[in-house]
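Q: Input file: start.txt. Contents: compact mmCIF, C-alpha atoms and all ligand atoms.
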```
# COMPACT_ATOMS: atom_id res chain seq x y z
CA MET A 206 79.75 95.69 82.15
CA ARG A 207 78.77 98.05 84.94
CA VAL A 208 77.47 101.49 83.97
CA ILE A 209 77.45 104.17 86.66
CA LYS A 210 75.88 107.57 86.07
CA THR A 211 77.00 110.49 88.19
CA LYS A 212 75.53 113.92 88.77
CA ASN A 213 78.36 115.86 87.20
CA TYR A 214 82.00 115.88 86.06
CA GLU A 215 83.33 116.24 89.59
CA GLN A 216 81.44 113.19 90.83
CA MET A 217 82.55 111.19 87.78
CA SER A 218 86.15 112.17 88.49
CA LYS A 219 85.89 111.34 92.16
CA LYS A 220 84.38 107.90 91.50
CA ALA A 221 87.02 107.16 88.88
CA ALA A 222 89.80 108.24 91.22
CA SER A 223 88.34 106.07 94.02
CA PHE A 224 88.28 103.12 91.65
CA ILE A 225 91.94 103.63 90.77
CA MET A 226 92.85 104.19 94.42
CA ALA A 227 91.14 100.90 95.34
CA GLN A 228 93.23 99.14 92.69
CA VAL A 229 96.46 100.60 94.12
CA ILE A 230 95.48 99.75 97.69
CA SER A 231 94.64 96.15 96.82
CA LYS A 232 97.81 95.71 94.73
CA PRO A 233 100.45 98.35 95.62
CA ASP A 234 102.79 97.25 92.80
CA CYS A 235 100.07 97.21 90.14
CA VAL A 236 100.37 98.37 86.54
CA LEU A 237 97.99 101.19 85.67
CA GLY A 238 97.17 102.14 82.10
CA PHE A 239 96.52 105.85 81.71
CA ALA A 240 94.90 108.12 79.13
CA THR A 241 95.34 111.78 78.29
CA GLY A 242 92.70 114.26 77.09
CA THR A 243 90.29 116.53 78.90
CA THR A 244 88.18 113.83 80.54
CA PRO A 245 90.73 112.38 83.02
CA ILE A 246 92.09 115.71 84.32
CA GLY A 247 89.65 115.79 87.27
CA THR A 248 90.46 112.16 88.10
CA TYR A 249 94.17 112.98 88.17
CA ASP A 250 93.47 115.99 90.41
CA PHE A 251 91.77 113.76 92.99
CA LEU A 252 94.58 111.20 92.85
CA ALA A 253 97.18 113.94 93.35
CA GLU A 254 95.19 115.38 96.25
CA TRP A 255 94.79 112.02 97.99
CA ASN A 256 98.43 111.15 97.42
CA GLY A 257 99.39 114.46 99.08
CA GLU A 258 97.21 113.53 102.04
CA GLY A 259 98.90 110.14 102.32
CA ILE A 260 95.72 108.22 101.45
CA VAL A 261 97.20 106.47 98.41
CA ASP A 262 100.80 105.55 97.72
CA PHE A 263 102.18 105.32 94.17
CA SER A 264 105.77 104.48 95.09
CA ARG A 265 105.53 100.91 93.74
CA VAL A 266 103.05 101.56 90.92
CA LYS A 267 104.07 101.32 87.27
CA THR A 268 102.17 103.00 84.46
CA VAL A 269 101.81 102.68 80.72
CA ASN A 270 99.99 105.22 78.60
CA LEU A 271 97.77 104.50 75.66
CA ASP A 272 99.39 106.71 73.09
CA GLU A 273 101.71 109.51 72.01
CA TYR A 274 101.83 111.89 69.07
CA CYS A 275 104.53 111.30 66.47
CA GLY A 276 107.17 113.89 65.78
CA ILE A 277 107.00 116.08 68.88
CA SER A 278 109.44 115.95 71.76
CA SER A 279 108.58 115.11 75.35
CA GLU A 280 109.32 118.74 76.32
CA ASN A 281 106.64 120.00 73.92
CA PRO A 282 103.58 120.97 76.01
CA HIS A 283 101.37 119.19 73.46
CA SER A 284 103.11 115.86 73.96
CA TYR A 285 101.32 113.28 76.05
CA ARG A 286 104.48 112.74 78.13
CA TYR A 287 104.36 116.42 79.08
CA PHE A 288 100.63 116.15 79.83
CA MET A 289 101.11 113.16 82.13
CA ASP A 290 104.09 114.72 83.91
CA LYS A 291 102.24 117.97 84.62
CA ASN A 292 98.78 116.56 85.35
CA LEU A 293 99.84 113.57 87.41
CA PHE A 294 103.37 112.19 87.66
CA GLU A 295 105.03 115.33 89.04
CA ARG A 296 102.24 115.66 91.61
CA ILE A 297 102.42 112.16 93.12
CA ASN A 298 105.13 109.98 94.67
CA ILE A 299 105.63 107.79 91.62
CA ASP A 300 109.11 106.91 90.39
CA LYS A 301 109.12 108.51 86.93
CA ARG A 302 111.35 105.70 85.66
CA ASN A 303 108.33 103.45 86.13
CA THR A 304 106.11 105.52 83.82
CA TYR A 305 106.05 104.50 80.17
CA LEU A 306 104.69 106.09 77.01
CA PRO A 307 105.48 105.16 73.42
CA ASP A 308 108.34 107.28 72.04
CA GLY A 309 106.72 109.36 69.30
CA GLN A 310 110.15 110.53 68.14
CA ALA A 311 111.53 107.06 67.54
CA LYS A 312 113.35 106.77 64.19
CA ASP A 313 111.86 103.35 63.54
CA CYS A 314 108.20 103.37 64.57
CA ASN A 315 107.69 99.64 63.99
CA GLU A 316 110.60 98.83 66.27
CA GLU A 317 109.27 101.24 68.89
CA CYS A 318 105.79 99.68 68.72
CA ASP A 319 107.24 96.18 69.19
CA ALA A 320 109.39 97.42 72.07
CA TYR A 321 106.33 98.99 73.72
CA GLU A 322 104.43 95.71 73.54
CA LYS A 323 107.45 93.98 75.10
CA THR A 324 107.60 96.58 77.88
CA ILE A 325 103.93 96.00 78.74
CA GLY A 326 104.55 92.24 78.70
CA SER A 327 107.65 92.50 80.90
CA LEU A 328 105.66 94.48 83.47
CA GLY A 329 103.22 91.57 83.62
CA GLY A 330 100.39 93.27 81.69
CA VAL A 331 98.01 96.03 82.70
CA ASP A 332 95.91 95.56 85.85
CA LEU A 333 93.60 98.51 85.27
CA GLN A 334 93.34 100.54 82.07
CA LEU A 335 91.69 103.96 82.17
CA LEU A 336 90.04 105.02 78.91
CA GLY A 337 88.19 107.98 77.42
CA ILE A 338 86.31 107.85 74.11
CA GLY A 339 86.65 110.06 71.08
CA ASN A 340 83.62 111.59 69.38
CA ASN A 341 83.97 108.91 66.72
CA GLY A 342 84.20 106.07 69.23
CA HIS A 343 87.97 105.75 69.19
CA ILE A 344 89.87 104.39 72.18
CA GLY A 345 93.53 105.20 72.39
CA PHE A 346 94.01 106.42 68.84
CA ASN A 347 92.31 103.38 67.34
CA GLU A 348 90.17 105.15 64.79
CA PRO A 349 87.07 103.68 63.08
CA ALA A 350 88.28 101.10 60.56
CA GLU A 351 87.31 97.98 58.63
CA VAL A 352 89.12 95.71 61.12
CA PHE A 353 90.24 96.05 64.72
CA PRO A 354 93.96 96.90 64.85
CA LYS A 355 95.65 94.49 67.23
CA LYS A 356 98.95 95.63 68.69
CA THR A 357 100.70 98.93 69.29
CA HIS A 358 101.05 100.64 65.91
CA ARG A 359 101.47 103.95 64.10
CA ILE A 360 98.24 105.49 62.93
CA LYS A 361 97.17 108.38 60.71
CA LEU A 362 94.67 110.43 62.67
CA THR A 363 91.28 111.03 61.10
CA GLU A 364 90.09 114.54 60.21
CA SER A 365 87.49 114.37 63.01
CA THR A 366 90.17 113.59 65.62
CA ILE A 367 92.48 116.30 64.27
CA GLU A 368 89.55 118.71 64.41
CA ALA A 369 88.62 117.67 67.97
CA ASN A 370 92.22 117.87 69.22
CA SER A 371 92.90 121.21 67.53
CA ARG A 372 91.12 122.90 70.46
CA LEU A 373 94.32 122.33 72.43
CA PHE A 374 96.61 123.83 69.75
CA GLU A 375 96.89 127.38 68.45
CA LYS A 376 96.28 126.29 64.88
CA LYS A 377 94.77 123.15 63.41
CA GLU A 378 97.89 122.80 61.19
CA GLU A 379 99.96 122.24 64.33
CA VAL A 380 98.10 119.07 65.32
CA PRO A 381 100.37 116.09 64.52
CA ARG A 382 98.92 113.88 61.78
CA TYR A 383 100.30 110.62 63.17
CA ALA A 384 100.45 108.91 66.55
CA LEU A 385 101.62 105.68 68.14
CA THR A 386 98.86 103.89 69.98
CA MET A 387 98.26 100.67 71.83
CA GLY A 388 96.14 98.41 69.65
CA ILE A 389 92.69 97.11 70.48
CA GLN A 390 94.10 93.75 71.49
CA THR A 391 96.66 95.46 73.76
CA ILE A 392 93.83 97.37 75.45
CA MET A 393 91.55 94.34 75.70
CA LYS A 394 94.30 92.36 77.45
CA ALA A 395 94.04 94.66 80.50
CA LYS A 396 92.55 92.78 83.44
CA LYS A 397 90.12 95.61 84.23
CA ILE A 398 88.97 98.57 82.19
CA LEU A 399 87.54 101.84 83.47
CA LEU A 400 85.91 104.05 80.83
CA ILE A 401 85.07 107.61 81.81
CA VAL A 402 82.81 109.79 79.68
CA SER A 403 81.78 113.38 80.18
CA GLY A 404 79.63 115.98 78.45
CA LYS A 405 76.62 116.16 76.16
CA GLY A 406 78.85 115.89 73.11
CA LYS A 407 79.63 112.26 74.03
CA ALA A 408 76.03 111.16 74.77
CA LYS A 409 75.24 109.76 71.31
CA ILE A 410 78.52 107.94 70.84
CA LEU A 411 78.35 106.46 74.34
CA LYS A 412 74.90 105.03 73.63
CA LYS A 413 76.18 103.59 70.35
CA VAL A 414 79.31 102.10 71.99
CA LEU A 415 77.21 100.31 74.60
CA GLU A 416 74.29 99.25 72.42
CA CYS A 417 75.44 98.73 68.81
CA ASP A 418 76.78 95.45 67.45
CA VAL A 419 80.49 95.09 68.06
CA ASP A 420 81.94 96.86 65.04
CA PRO A 421 85.44 98.15 64.19
CA LYS A 422 83.73 101.27 62.79
CA VAL A 423 82.88 102.02 66.45
CA PRO A 424 86.15 100.85 68.02
CA ALA A 425 85.02 101.18 71.66
CA SER A 426 82.12 98.78 70.99
CA ILE A 427 84.61 95.93 71.48
CA LEU A 428 84.53 96.72 75.20
CA GLN A 429 81.18 94.87 75.29
CA LEU A 430 83.26 91.67 75.02
CA HIS A 431 85.63 92.46 77.90
CA PRO A 432 84.82 90.58 81.14
CA ASP A 433 85.52 93.46 83.51
CA VAL A 434 84.53 96.92 82.30
CA THR A 435 83.17 99.75 84.41
CA VAL A 436 81.79 102.83 82.67
CA ILE A 437 81.39 106.04 84.65
CA ALA A 438 79.46 108.73 82.78
CA ASP A 439 78.38 112.11 84.03
CA ALA A 440 74.71 113.08 83.65
CA ALA A 441 75.24 114.87 80.35
CA ALA A 442 77.14 111.98 78.72
CA GLY A 443 74.67 109.45 80.11
CA GLU A 444 71.49 111.27 79.12
CA GLU A 445 70.68 108.91 76.20
CA LEU A 446 71.21 105.69 78.17
C1 LIG B 501 94.00 109.84 75.05
C2 LIG B 501 93.28 108.96 74.17
C3 LIG B 501 91.97 109.32 73.54
C4 LIG B 501 91.05 110.14 74.43
C5 LIG B 501 89.78 110.54 73.67
C6 LIG B 501 88.89 111.44 74.49
O1 LIG B 501 95.20 109.25 75.51
O2 LIG B 501 93.77 107.92 73.91
O3 LIG B 501 91.32 108.15 73.12
O4 LIG B 501 90.72 109.40 75.57
O5 LIG B 501 90.13 111.20 72.49
O6 LIG B 501 89.54 112.64 74.69
P1 LIG B 501 88.90 113.77 75.62
O7 LIG B 501 88.94 113.26 77.00
O8 LIG B 501 89.81 114.96 75.44
O9 LIG B 501 87.53 114.00 75.13
```
How would this structure read if it were set down as structure tokens?

A:
Amino acid sequence: MRVIKTKNYEQMSKKAASFIMAQVISKPDCVLGFATGTTPIGTYDFLAEWNGEGIVDFSRVKTVNLDEYCGISSENPHSYRYFMDKNLFERINIDKRNTYLPDGQAKDCNEECDAYEKTIGSLGGVDLQLLGIGNNGHIGFNEPAEVFPKKTHRIKLTESTIEANSRLFEKKEEVPRYALTMGIQTIMKAKKILLIVSGKGKAKILKKVLECDVDPKVPASILQLHPDVTVIADAAAGEEL
């Protein structure tokens, strides 16, 4: 595992975007795994900028996202499909038909989760998965648990995640209680993983993720076992390392 500390959020974002750009340049038809949330917004801004300047070409890239809320439509500004469209896909030359997220409105969630696993498999697996971490150490929406969940599944969000995500909603009651998420095994099957972490609020959990025993109560700690993980933390998130 490589751990890189940067001066600030902008430098973290730029390094992460360079890493993703390098992946696309070395394999133009690669499969990128993307995350939503506040942390990757700066990374997506750099990728959009460089794509506009013709430095990186997404025309053959395919993407899969980690997760999606249950019960809200893709037109809802809180949906992760909407987030990805606005923050990245509509700003780069990607074919939107090659961008995949779980369908949080599917009638049969189990069927949808199986279909999502099949989609990832039929694309040949993920070449590079971008991750953020939750305050409780979650990756995707794999919340602290007694065992590591394996495949894509429906999950009840914990109070701490609902609380953290409520900053993006008008009222806490509006935050969906369930989501579909790639499982830990799905994430760990990615050939490379890039974890980005920003802000003082993540300093303690980042230290724990990197230094504790591998433990499903700290889901991201499993990344210690992955052969190719790069962590990019800004100074505030990396202050306890
Ligand atoms: C998002 C996701 C989550 C976030 C995590 C951090 O698709 O799966 O695991 O990466 O909650 O979110 P932010 O970046 O908002 O702190």

Q: As a quick test: using only C-alpha atoms and all ligand atoms, which residues lie no more than 9 Å away from ligand LIG 501 (chain B)? Give them as JSON, numbers by chain.

A: {"A": [239, 240, 241, 242, 243, 244, 245, 246, 270, 271, 272, 273, 285, 335, 336, 337, 338, 339, 340, 341, 342, 343, 344, 345, 346, 347, 348, 366, 369, 370, 386, 387, 400, 401, 402, 403, 404, 407]}

Q: Between A:Tyr321, A:Tyr214, A:Tyr305, A:Tyr383, which is the closest to A:Cys275 once you count all atoms listed in the file?

A: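 Among A:Tyr321, A:Tyr214, A:Tyr305, A:Tyr383, it is A:Tyr383 that comes nearest to A:Cys275.
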
Q: Closest to A:Asp313 among A:Pro282, A:Gly330, A:Gly276, A:Pro381, using only C-alpha atoms?

A: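 Nearest candidate to A:Asp313 out of A:Pro282, A:Gly330, A:Gly276, A:Pro381: A:Gly276.
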
Q: Could you check which of A:Arg359, A:Lys220, A:His431, A:Arg296 is closest to A:Lys394, using all atoms listed in the file?

A: A:His431

Q: What does the distance between atom CA of A:Cys235 and atom CA of A:Ala384 come to in Å, to one decimal place?

A: 26.3 Å

Q: Kindly give the distance, in Å, that separates atom CA of A:Lys355 and atom CA of A:Gly309, rounded to a single decimal.

A: 18.7 Å

Q: Figure out the distance between atom CA of A:Asp290 and atom CA of A:Val380, please, to one decimal in Å.

A: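 Between atom CA of A:Val380 and atom CA of A:Asp290 the gap is 20.0 Å.
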